[in-house]
Amino acid sequence: MRRSDRVSILVPFLIISIGLGVLAWRSYELSARLEDGVNTLAMQYAGYAADITARRVDSAVRNGIFDASEEWQQLERKTPNPDSAMLEQWLKSNEWITTAIYVPDSDPTNSIFVSEKAADNSTAPKLTREFYTSSGLVRYTYDPARLVERVRPVLHQQPLMQRSETEPQAQLAIVSTPSRQGEARLTEGFAYVAPLGPPLQGYSIRAFVRTAYGTSGWENARYFSIWVSVVALALTALGAYLAMRGLKREAETMKLRGALIANVSHELRTPLSMIRLGAETLKRSSKLTEKQRGEIEDAMLREVLHLSHMVENVLDVARMQNRSTKALAFTPVRPRDLVTSLVSTYESWIKSRGFEIALQVEETVDEQLWDRDSVERAVLNLIDNAVKYSGDIKFLAIALRQSAEHVVIEVRDRGIGIAAADISRIFDPYYRAQFSDTQTRRGAGLGLTLVQQIMVSHAGRVEVESTPGIGSTFRLLFPRHSASATEPVPSLNVLPEIGSRS
Amino acid sequence: MRVRIYRFLVVAVSLLVVSAHADDKKPKCTTPPAECERIIRQMLSGRRYLGVQLQELTPAGLVVKSVVEDGPADRANLRPGDRFMAVNGKPTRDANIQDFKQILTDAKETGRLWIIVQREGILKKIELRMEPYTKAQIDKIVAQHLAEAHAIAAAPQP
């Protein structure tokens with residue numbers, strides 16, 4: 001695949017990313033403006049609520065003080081000569097006044113003094129007020145804290161009528177000696193502290209307006225939009241990465257397939273030309289001795305065998321990859337017979353290549369339910385590989401044995417071996433390990449793929465041990481069935497049986 | 001006749017109740033006496049007084065009703081029956097007591113008053129200043145409160 005094609009797959013992701021970025025920025029901007037608006041409103045309302053409430057508390061205090069003096073005047077009008085009981089009554093009805101003294105104009109020495117409260121909180125500052133009456137002077141001390149309590153009900157009323165829940169609501173409180181006045185931006189909202197007028201100079205009204213935007217984190221729409229866009233961008237990046245990876249894989253498979261076509265056509269052409277050459281020689285040359293004729297016939301036969309082997313390989317791989325057109329026929333097979341007959345069939349060919357064969361067959365291997373043709377093909381492919389990839393030391397060991405759980409067929413050579421990096425990939429279709437002379441060795445890169453697929457269909461597996469320069473060992477591990485078991489194991493029925501091969 | 005008996009009974013019962021109530025409330029003031037004395041002295045010390053009692057005329061006008069003996073007004077030769085025509089330059093011919101108290105409040109800084117009075121048809125100018133309570137007066141108020149509210153006999157004055 002061309003480079004520009006790979007880049008072009010990124011274009012949609014790029015467009016999505018840009019779109020997401022624009023959306024996120026827009027959303028961030030909008031929520032920031034909304035937040036600004038809400039904050040401004042909250043700030044203004046806090047200031048307004050604090051100021052208005054402070055004025056209302058002030059007037060409530062003034063009213064309280066005025067009401068107290070009015071009340072005394074009323075009492076005095078009823079009784080021209082006030083006595084201590086009357087002063088006491090007045091003190092009781094105005095619970096914020098602690099002590100009072102009445103000094104009549106006519107006789108100052110006849111003053112009345114009443115102290116209502118025990119010396120409870122003597123540390124609290126006491127304020128003094130006085131007012132003239134028609135017959136004298138009343139002077140009293142009072143506790144500002146109690147006066148505050150008296151006017152506290154004013155706080156329960158919001159300065160503005162709340163028409164809906166979205167309108168800001170202030171929490172109003174009377175605080176004493178605040179550290180600072182004016183507005184303060186808090187984490188959850190805004191507070192405004194407005195001082196009270198005399199006589200409650202030490203007190204202030206604090207209005208707090210909570211804003212939903214004051215918090216940071218998930219609850220804040222502004223940060224939420226950022227988080228969502230970050231997640232979306234991450235997902236886009238992941239998609240782009242996956243697409244790139246898929247493309248890369250695709251490109252590799254394409255490369256391998258191209259190599260296969262080259263390989264297969266080469267592989268097919270070579271034996272065909274050999275056969276053609278042999279046939280032409282046989283037809284034209286009448287002077288051939290019997291021995292020469294026999295040699296040519298053997299060579300042709302070998303090439304035909306090779307050709308059919310390879311065609312079978314290609315076809316089988318295709319079939320087993322499709323998994324539908326060919327069924328395996330599981331029949332009772334004696335592994336010992338299978339191996340010995342296979343070796344005896346190909347012994348002459350192997351020996352003609354100069355190999356030494358060591359055959360180790362355990363006599364006691366149980367009968368197994370195998371597809372005979374497939375297993376033979378697997379073993380043959382391993383032998384073929386061993387023959388193909390051997391150097392100067394031409395040695396081939398074939399062993400059959402059984403363990404508690406497996407029946408093992410082992411093919412060992414002392415050939416060139418497989419590099420560690422290649423081992424994981426030798427079972428991939430069309431893959432051929434890289435050697436200095438890969439091209440000179442014949443093959444389509446399908447043998448081991450086929451072996452693996454056969455083993456999978458038999459519920460077994462392939463093991464490889466290999467050291468470059470020393471040799472390779474391939475082990476086929478079949479699950480072992482005891483002699484008594486005649487029924488096929490259910491897992492073997494993965495491949496539907498459409499018909500048995502002759 | 002019957003009605004009279006009932007009335008008598010009601011009066012007697014209410015008198016009994018009142019007297020019992022008064023007996024219960026013998027110590028009227030719950031504050032410790034020493035604290036009371038301290039507060040009284042604090043509230044009265046430095047307070048200035050005039051020593052005159054006024055009476056409102058109908059429909060308007062202020063007339064001296066009584067003068068506290070040896071008070072500032074007495075020493076300034078203010079007499080019962082004097083009518084206030086102006087105080088500190090403000091006409092008080094039609095004033096009531098509240099207006100006069102307001103003038104007193106305004107003059108609190110200096111404590112000085114000059115009053116034009118009408119005595120037996122003659123206008124007279126009287127200057128006086130408010131004076132603080134004397135120690136003897138304050139002592140008397142304290143002793144009176146202690147005796148009345150705390151049932152403590154007045155301590156012999158040194």
# chains A, B, ... in the order shown; residues from 1 in each chain; ligands from 1
call {"tool": "interface_residues", "arguments": {"of": "chain A", "to": "chain B", "cutoff": "6 Å", "atoms": "only C-alpha atoms", "output": "PyMOL selection string"}}
result
chain A and resi 105-106+109+118+134
call {"tool": "select_by_dssp", "arguments": {"residues": "stretch 6-156 of chain B", "states": "helix (DSSP H, G or I)", "output": "PyMOL selection string"}}
result
chain B and resi 6-24+33-44+72-75+97-106+135-149
call {"tool": "residues_around", "arguments": {"residues": "stretch 464-479 of chain A", "least_positions_apart": "2", "cutoff": "7 Å", "atoms": "only C-alpha atoms", "output": "ChimeraX atom specification"}}
result
/A:405-419,458-462,481
call {"tool": "write_last_selection", "arguments": {"atoms": "N, CA and C atoms", "output": "PDB file, in the first residue's frame"}}
result
ATOM      1  N   GLU A 405      -0.699 -38.450  28.455  1.00  0.00           N
ATOM      2  CA  GLU A 405      -1.798 -37.694  27.853  1.00  0.00           C
ATOM      3  C   GLU A 405      -1.677 -37.549  26.352  1.00  0.00           C
ATOM      4  N   HIS A 406      -0.478 -37.761  25.843  1.00  0.00           N
ATOM      5  CA  HIS A 406      -0.275 -37.470  24.424  1.00  0.00           C
ATOM      6  C   HIS A 406       0.316 -38.648  23.681  1.00  0.00           C
ATOM      7  N   VAL A 407       0.004 -38.623  22.382  1.00  0.00           N
ATOM      8  CA  VAL A 407       0.778 -39.456  21.455  1.00  0.00           C
ATOM      9  C   VAL A 407       1.648 -38.481  20.678  1.00  0.00           C
ATOM     10  N   VAL A 408       2.951 -38.754  20.671  1.00  0.00           N
ATOM     11  CA  VAL A 408       3.894 -37.777  20.140  1.00  0.00           C
ATOM     12  C   VAL A 408       4.600 -38.359  18.924  1.00  0.00           C
ATOM     13  N   ILE A 409       4.597 -37.595  17.831  1.00  0.00           N
ATOM     14  CA  ILE A 409       5.443 -37.931  16.682  1.00  0.00           C
ATOM     15  C   ILE A 409       6.479 -36.829  16.590  1.00  0.00           C
ATOM     16  N   GLU A 410       7.754 -37.233  16.559  1.00  0.00           N
ATOM     17  CA  GLU A 410       8.820 -36.241  16.633  1.00  0.00           C
ATOM     18  C   GLU A 410       9.691 -36.370  15.391  1.00  0.00           C
ATOM     19  N   VAL A 411      10.009 -35.238  14.767  1.00  0.00           N
ATOM     20  CA  VAL A 411      10.910 -35.227  13.618  1.00  0.00           C
ATOM     21  C   VAL A 411      12.054 -34.284  13.956  1.00  0.00           C
ATOM     22  N   ARG A 412      13.270 -34.839  13.955  1.00  0.00           N
ATOM     23  CA  ARG A 412      14.420 -34.037  14.395  1.00  0.00           C
ATOM     24  C   ARG A 412      15.454 -34.003  13.300  1.00  0.00           C
ATOM     25  N   ASP A 413      16.075 -32.865  13.107  1.00  0.00           N
ATOM     26  CA  ASP A 413      17.174 -32.814  12.121  1.00  0.00           C
ATOM     27  C   ASP A 413      18.343 -32.069  12.723  1.00  0.00           C
ATOM     28  N   ARG A 414      19.440 -32.090  11.989  1.00  0.00           N
ATOM     29  CA  ARG A 414      20.601 -31.305  12.438  1.00  0.00           C
ATOM     30  C   ARG A 414      20.900 -30.276  11.373  1.00  0.00           C
ATOM     31  N   GLY A 415      19.868 -29.588  10.998  1.00  0.00           N
ATOM     32  CA  GLY A 415      19.993 -28.656   9.890  1.00  0.00           C
ATOM     33  C   GLY A 415      20.366 -27.262  10.335  1.00  0.00           C
ATOM     34  N   ILE A 416      19.903 -26.287   9.571  1.00  0.00           N
ATOM     35  CA  ILE A 416      20.350 -24.911   9.824  1.00  0.00           C
ATOM     36  C   ILE A 416      19.603 -24.260  10.985  1.00  0.00           C
ATOM     37  N   GLY A 417      18.475 -24.847  11.392  1.00  0.00           N
ATOM     38  CA  GLY A 417      17.752 -24.285  12.542  1.00  0.00           C
ATOM     39  C   GLY A 417      16.956 -23.039  12.180  1.00  0.00           C
ATOM     40  N   ILE A 418      16.236 -22.547  13.175  1.00  0.00           N
ATOM     41  CA  ILE A 418      15.370 -21.380  12.950  1.00  0.00           C
ATOM     42  C   ILE A 418      15.736 -20.316  13.980  1.00  0.00           C
ATOM     43  N   ALA A 419      15.878 -19.100  13.523  1.00  0.00           N
ATOM     44  CA  ALA A 419      16.190 -18.006  14.457  1.00  0.00           C
ATOM     45  C   ALA A 419      15.000 -17.784  15.399  1.00  0.00           C
ATOM     46  N   HIS A 458      -7.154 -31.922  15.013  1.00  0.00           N
ATOM     47  CA  HIS A 458      -7.077 -33.141  15.815  1.00  0.00           C
ATOM     48  C   HIS A 458      -7.031 -32.818  17.306  1.00  0.00           C
ATOM     49  N   ALA A 459      -7.273 -31.558  17.674  1.00  0.00           N
ATOM     50  CA  ALA A 459      -7.237 -31.107  19.068  1.00  0.00           C
ATOM     51  C   ALA A 459      -5.858 -31.265  19.679  1.00  0.00           C
ATOM     52  N   GLY A 460      -4.837 -31.214  18.832  1.00  0.00           N
ATOM     53  CA  GLY A 460      -3.468 -31.333  19.348  1.00  0.00           C
ATOM     54  C   GLY A 460      -2.717 -30.053  19.090  1.00  0.00           C
ATOM     55  N   ARG A 461      -1.370 -30.147  19.212  1.00  0.00           N
ATOM     56  CA  ARG A 461      -0.603 -28.936  18.955  1.00  0.00           C
ATOM     57  C   ARG A 461       0.787 -29.292  18.439  1.00  0.00           C
ATOM     58  N   VAL A 462       1.513 -28.283  18.000  1.00  0.00           N
ATOM     59  CA  VAL A 462       2.859 -28.481  17.466  1.00  0.00           C
ATOM     60  C   VAL A 462       3.842 -27.804  18.402  1.00  0.00           C
ATOM     61  N   HIS A 481      -6.062 -41.156  23.281  1.00  0.00           N
ATOM     62  CA  HIS A 481      -7.298 -41.842  23.645  1.00  0.00           C
ATOM     63  C   HIS A 481      -6.936 -43.267  23.985  1.00  0.00           C
TER      64      HIS A 481
END
call {"tool": "select_by_dssp", "arguments": {"residues": "stretch 139-324 of chain A", "states": "strand (DSSP E or B)", "output": "VMD selection string"}}
result
chain A and resid 139 to 142 170 to 176 182 to 185 189 to 195 203 to 210
call {"tool": "residues_around", "arguments": {"residues": "A:Arg62", "least_positions_apart": "5", "cutoff": "9 Å", "atoms": "only C-alpha atoms", "output": "PyMOL selection string"}}
result
chain A and resi 57+67+199
call {"tool": "residues_around", "arguments": {"residues": "stretch 345-354 of chain A", "least_positions_apart": "2", "cutoff": "10 Å", "atoms": "only C-alpha atoms", "output": "NGL selection string"}}
result
:A and (302 or 339-343 or 356-357 or 380 or 383-384 or 387-388 or 392-396)
